[in-house]
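K.L.:
Below you will find the structure I want to go over with you.
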Amino acid sequence: MIPARPLLALGLASLAACASAQDGPPPPPGPDWDMIAFEVKSWGVPIVQWQFSPQYGGVWTEATHAEGAPFGDYTLEFHALEADVDRYIALERLMRTLPTPAPESDQCENFMTDQPYGTLRLTRGATTTEIAWNAGCMDDHYVAFMAPLREADQLVRSWGEAVPVTRTESR
């Protein structure tokens with residue numbers, strides 16, 4: 001058994017070591033997620049989809065429809081997005097404004113059918129949080145929920161439209 005005095009001294013030394021380790025500035029905050037992905041569909045057909053990560057960049061994809069083509073015939077146009085930490089931080093800033101939990105569109109009092117819908121995916125490590133949304137909900141609280149999603153989509157659209165199509169895929 002260790003006498004009380006040396007034990008007390010050992011305990012105080014341990015506390016002092018912990019305190020000095022905490023005296024420095026906190027580490028810089030890392031991103032909340034490793035990747036943010038977003039998709040917009042109408043009647044099961046993609047309209048826009050994108051994904052972006054701070055280290056690897058991403059892709060913005062738009063579906064184009066030839067005039068007179070049958071419903072469901074479309075071409076996906078892919079635009080490669082370069083990695084950019086500042087852009088990623090701007091996206092995360094928008095995602096942080098979303099309410100938790102996200103509101104349910106099926107509980108809307110003022111619902112308009114045939115509007116676009118989709119999914120936001122926030123991935124960190126092996127965990128992905130999916131938030132389904134439906135632009136048909138016109139309740140005030142839901143319109144407020146949709147605002148940062150629309151803003152994020154417009155932001156990534158501006159990045160995608162600024163770079164050429166890197167590949168296409170017909171469906």
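FYI, nothing fancy with the structure tokens labels: chains A, B, ... in order, residues from 1 per chain, ligands from 1 as they appear.
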Between region 121-149 of chain A and region 53-60 of chain A, at 12 Å or less, what are the per-residue closest atom pairs and their distances in Å? Count only C-alpha atoms, order by chain and rising residue number, and return it as a Markdown table.
P.N.:
| residue | atom | partner | partner_atom | distance |
| --- | --- | --- | --- | --- |
| A:Arg121 | CA | A:Ser53 | CA | 11.9 |
| A:Leu122 | CA | A:Ser53 | CA | 10.3 |
| A:Thr123 | CA | A:Ser53 | CA | 9.5 |
| A:Arg124 | CA | A:Ser53 | CA | 10.5 |
K.L.:
Please dump the current selection as a PDB file, in the first residue's frame; keep N, CA, C and O atoms.
P.N.:
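part_29.pdb, written as the output of this step:
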ATOM      1  N   ARG A 121     -28.148  13.763 -47.916  1.00  0.00           N
ATOM      2  CA  ARG A 121     -27.368  12.758 -47.197  1.00  0.00           C
ATOM      3  C   ARG A 121     -26.131  13.423 -46.604  1.00  0.00           C
ATOM      4  O   ARG A 121     -25.368  14.079 -47.314  1.00  0.00           O
ATOM      5  N   LEU A 122     -25.951  13.218 -45.308  1.00  0.00           N
ATOM      6  CA  LEU A 122     -24.811  13.761 -44.578  1.00  0.00           C
ATOM      7  C   LEU A 122     -24.012  12.566 -44.063  1.00  0.00           C
ATOM      8  O   LEU A 122     -24.508  11.799 -43.231  1.00  0.00           O
ATOM      9  N   THR A 123     -22.797  12.390 -44.573  1.00  0.00           N
ATOM     10  CA  THR A 123     -22.000  11.206 -44.255  1.00  0.00           C
ATOM     11  C   THR A 123     -20.790  11.584 -43.412  1.00  0.00           C
ATOM     12  O   THR A 123     -20.083  12.539 -43.709  1.00  0.00           O
ATOM     13  N   ARG A 124     -20.581  10.815 -42.357  1.00  0.00           N
ATOM     14  CA  ARG A 124     -19.376  10.930 -41.516  1.00  0.00           C
ATOM     15  C   ARG A 124     -18.927   9.509 -41.218  1.00  0.00           C
ATOM     16  O   ARG A 124     -19.640   8.754 -40.579  1.00  0.00           O
TER      17      ARG A 124
END
K.L.:
Return as a PyMOL selection string the full set of residues in chain A whose backbone-based DSSP assignment is strand (DSSP E or B).
P.N.:
chain A and resi 35-42+45-53+57-64+75-81+111+117-124+127-134+137+167-170
K.L.:
Using only C-alpha atoms, which of A:Ala132, A:Val45, A:Cys137, A:Ala152 sits nearest Ile89 (chain A)?
P.N.:
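Going through A:Ala132, A:Val45, A:Cys137, A:Ala152 one by one, the smallest distance to Ile89 (chain A) is for A:Ala152.
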K.L.:
Need the shell around Thr128 (chain A): protein/DNA/RNA residues with any atom at most 12 Å away, counting only C-alpha atoms. Skip same-chain ones fewer than 3 positions apart. Format as a PyMOL selection string?
P.N.:
chain A and resi 32-37+119-125+131
K.L.:
As JSON, numbers by chain, please: every residue in chain A that DSSP puts in helix (DSSP H, G or I).
P.N.:
{"A": [4, 5, 6, 7, 8, 9, 10, 11, 12, 13, 14, 15, 16, 17, 18, 19, 20, 21, 22, 85, 86, 87, 88, 89, 90, 91, 92, 93, 94, 95, 105, 106, 107, 140, 141, 142, 143, 144, 145, 146, 147, 148, 149, 150, 151, 152, 153, 154, 155, 156, 157, 158, 159, 160, 161]}
K.L.:
Can you write out the residues you just picked, keeping C-alpha atoms, as a CSV table (one decimal), in the first residue's frame?
P.N.:
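result_36.csv written:
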chain,number,residue,atom,x,y,z
A,4,ALA,CA,-1.2,8.8,1.8
A,5,ARG,CA,1.3,11.7,1.3
A,6,PRO,CA,3.0,10.2,-1.8
A,7,LEU,CA,-0.4,9.2,-3.2
A,8,LEU,CA,-1.7,12.8,-2.7
A,9,ALA,CA,1.5,14.1,-4.4
A,10,LEU,CA,1.0,11.7,-7.3
A,11,GLY,CA,-2.6,12.7,-7.7
A,12,LEU,CA,-1.8,16.4,-7.7
A,13,ALA,CA,1.0,15.9,-10.3
A,14,SER,CA,-1.5,14.1,-12.5
A,15,LEU,CA,-4.0,16.9,-12.2
A,16,ALA,CA,-1.3,19.5,-13.0
A,17,ALA,CA,-0.3,17.5,-16.1
A,18,CYS,CA,-4.0,17.5,-17.3
A,19,ALA,CA,-4.4,21.2,-16.6
A,20,SER,CA,-1.3,22.1,-18.6
A,21,ALA,CA,-2.4,20.0,-21.5
A,22,GLN,CA,-5.7,21.9,-21.6
A,85,VAL,CA,-12.4,23.5,-48.4
A,86,ASP,CA,-13.9,27.0,-48.4
A,87,ARG,CA,-16.7,25.8,-50.6
A,88,TYR,CA,-17.3,22.8,-48.4
A,89,ILE,CA,-17.4,25.1,-45.3
A,90,ALA,CA,-20.0,27.2,-47.0
A,91,LEU,CA,-22.2,24.1,-47.6
A,92,GLU,CA,-21.8,22.9,-44.0
A,93,ARG,CA,-22.7,26.4,-42.8
A,94,LEU,CA,-26.1,26.0,-44.6
A,95,MET,CA,-26.6,22.5,-43.3
A,105,SER,CA,-43.7,16.7,-45.1
A,106,ASP,CA,-46.6,14.1,-44.7
A,107,GLN,CA,-47.9,16.2,-41.7
A,140,ASP,CA,-44.5,28.1,-43.2
A,141,HIS,CA,-42.2,26.0,-41.0
A,142,TYR,CA,-41.5,23.6,-43.9
A,143,VAL,CA,-40.8,26.4,-46.3
A,144,ALA,CA,-38.3,27.7,-43.8
A,145,PHE,CA,-36.7,24.2,-43.6
A,146,MET,CA,-36.5,24.1,-47.4
A,147,ALA,CA,-34.7,27.5,-47.7
A,148,PRO,CA,-31.2,26.3,-46.8
A,149,LEU,CA,-31.6,23.2,-49.0
A,150,ARG,CA,-32.6,25.4,-52.0
A,151,GLU,CA,-29.7,27.7,-51.2
A,152,ALA,CA,-27.2,24.8,-51.1
A,153,ASP,CA,-28.6,23.4,-54.3
A,154,GLN,CA,-28.2,26.8,-56.0
A,155,LEU,CA,-24.7,27.2,-54.7
A,156,VAL,CA,-23.5,23.8,-56.0
A,157,ARG,CA,-25.4,24.4,-59.3
A,158,SER,CA,-23.4,27.6,-59.8
A,159,TRP,CA,-20.2,25.6,-59.3
A,160,GLY,CA,-21.3,22.9,-61.7
A,161,GLU,CA,-22.5,25.2,-64.4
K.L.:
Within 9 Å of region 115-117 of chain A, counting only C-alpha atoms, which residues show up once you throw out same-chain ones fewer than 5 positions away? Write them as a PyMOL selection string, please.
P.N.:
chain A and resi 39-43+47+132-137
K.L.:
Selection from above, N, CA, C and O atoms, as a tab-separated table (two decimals), in the first residue's frame, can you write it?
P.N.:
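Done, and the output landed in again_34.tsv:
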chain	number	residue	atom	x	y	z
A	39	GLU	N	-30.13	15.11	-53.76
A	39	GLU	CA	-30.78	14.71	-55.01
A	39	GLU	C	-32.17	15.29	-55.08
A	39	GLU	O	-32.84	15.47	-54.07
A	40	VAL	N	-32.56	15.63	-56.31
A	40	VAL	CA	-33.89	16.15	-56.59
A	40	VAL	C	-34.50	15.27	-57.66
A	40	VAL	O	-33.87	14.99	-58.68
A	41	LYS	N	-35.75	14.83	-57.42
A	41	LYS	CA	-36.46	13.99	-58.38
A	41	LYS	C	-37.87	14.52	-58.60
A	41	LYS	O	-38.40	15.26	-57.77
A	42	SER	N	-38.44	14.10	-59.70
A	42	SER	CA	-39.84	14.37	-59.98
A	42	SER	C	-40.40	13.13	-60.67
A	42	SER	O	-39.84	12.69	-61.68
A	43	TRP	N	-41.44	12.57	-60.12
A	43	TRP	CA	-42.05	11.36	-60.66
A	43	TRP	C	-41.02	10.23	-60.85
A	43	TRP	O	-41.04	9.50	-61.82
A	47	ILE	N	-33.66	14.98	-61.48
A	47	ILE	CA	-33.55	16.33	-62.04
A	47	ILE	C	-32.12	16.81	-61.85
A	47	ILE	O	-31.46	17.21	-62.80
A	132	ALA	N	-35.18	13.04	-45.93
A	132	ALA	CA	-36.07	13.13	-47.09
A	132	ALA	C	-36.82	14.45	-47.01
A	132	ALA	O	-37.15	14.92	-45.93
A	133	TRP	N	-37.09	15.02	-48.18
A	133	TRP	CA	-37.82	16.29	-48.22
A	133	TRP	C	-38.79	16.27	-49.40
A	133	TRP	O	-38.62	15.50	-50.33
A	134	ASN	N	-39.80	17.12	-49.33
A	134	ASN	CA	-40.78	17.23	-50.40
A	134	ASN	C	-41.17	18.69	-50.53
A	134	ASN	O	-41.74	19.29	-49.61
A	135	ALA	N	-40.86	19.28	-51.68
A	135	ALA	CA	-41.11	20.70	-51.91
A	135	ALA	C	-42.60	21.02	-52.00
A	135	ALA	O	-42.97	22.19	-52.06
A	136	GLY	N	-43.45	20.02	-51.98
A	136	GLY	CA	-44.89	20.25	-52.05
A	136	GLY	C	-45.48	20.77	-50.75
A	136	GLY	O	-46.59	21.30	-50.75
A	137	CYS	N	-44.76	20.66	-49.64
A	137	CYS	CA	-45.27	21.15	-48.37
A	137	CYS	C	-45.11	22.67	-48.33
A	137	CYS	O	-43.99	23.18	-48.40
K.L.:
Can you tell me how far CA of Gln51 (chain A) sits from CA of Asp139 (chain A), in Å to one decimal?
P.N.:
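According to the coordinates, CA of Gln51 (chain A) and CA of Asp139 (chain A) are separated by 28.0 Å.
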K.L.:
Name the residues in contact with region 163-165 of chain A at a cut-off of 7 Å, using only C-alpha atoms, excluding same-chain residues fewer than 5 positions from it; report them as a ChimeraX atom specification.
P.N.:
/A:77-79
K.L.:
Skip Leu76 (chain A) itself and residues of its chain fewer than 5 positions away, then list as a short mmCIF file (atom, residue, chain, number, x, y, z; two decimals) with N, CA, C and O atoms, in the first residue's frame all residues within 6 Å of it, counting only C-alpha atoms.
P.N.:
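File produced: result_14.cif:
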data_model
loop_
_atom_site.label_atom_id
_atom_site.label_comp_id
_atom_site.auth_asym_id
_atom_site.auth_seq_id
_atom_site.Cartn_x
_atom_site.Cartn_y
_atom_site.Cartn_z
N GLU A 62 -26.79 16.92 -63.80
CA GLU A 62 -28.10 17.42 -64.21
C GLU A 62 -28.68 16.50 -65.26
O GLU A 62 -27.97 16.04 -66.16
N ALA A 63 -29.97 16.22 -65.14
CA ALA A 63 -30.66 15.43 -66.16
C ALA A 63 -31.21 16.38 -67.22
O ALA A 63 -31.85 17.37 -66.89
N THR A 168 -21.31 11.97 -70.10
CA THR A 168 -22.76 11.87 -70.18
C THR A 168 -23.17 10.41 -70.11
O THR A 168 -22.37 9.51 -70.41
N GLU A 169 -24.41 10.20 -69.72
CA GLU A 169 -24.96 8.86 -69.61
C GLU A 169 -26.43 8.93 -69.99
O GLU A 169 -27.20 9.63 -69.35
#
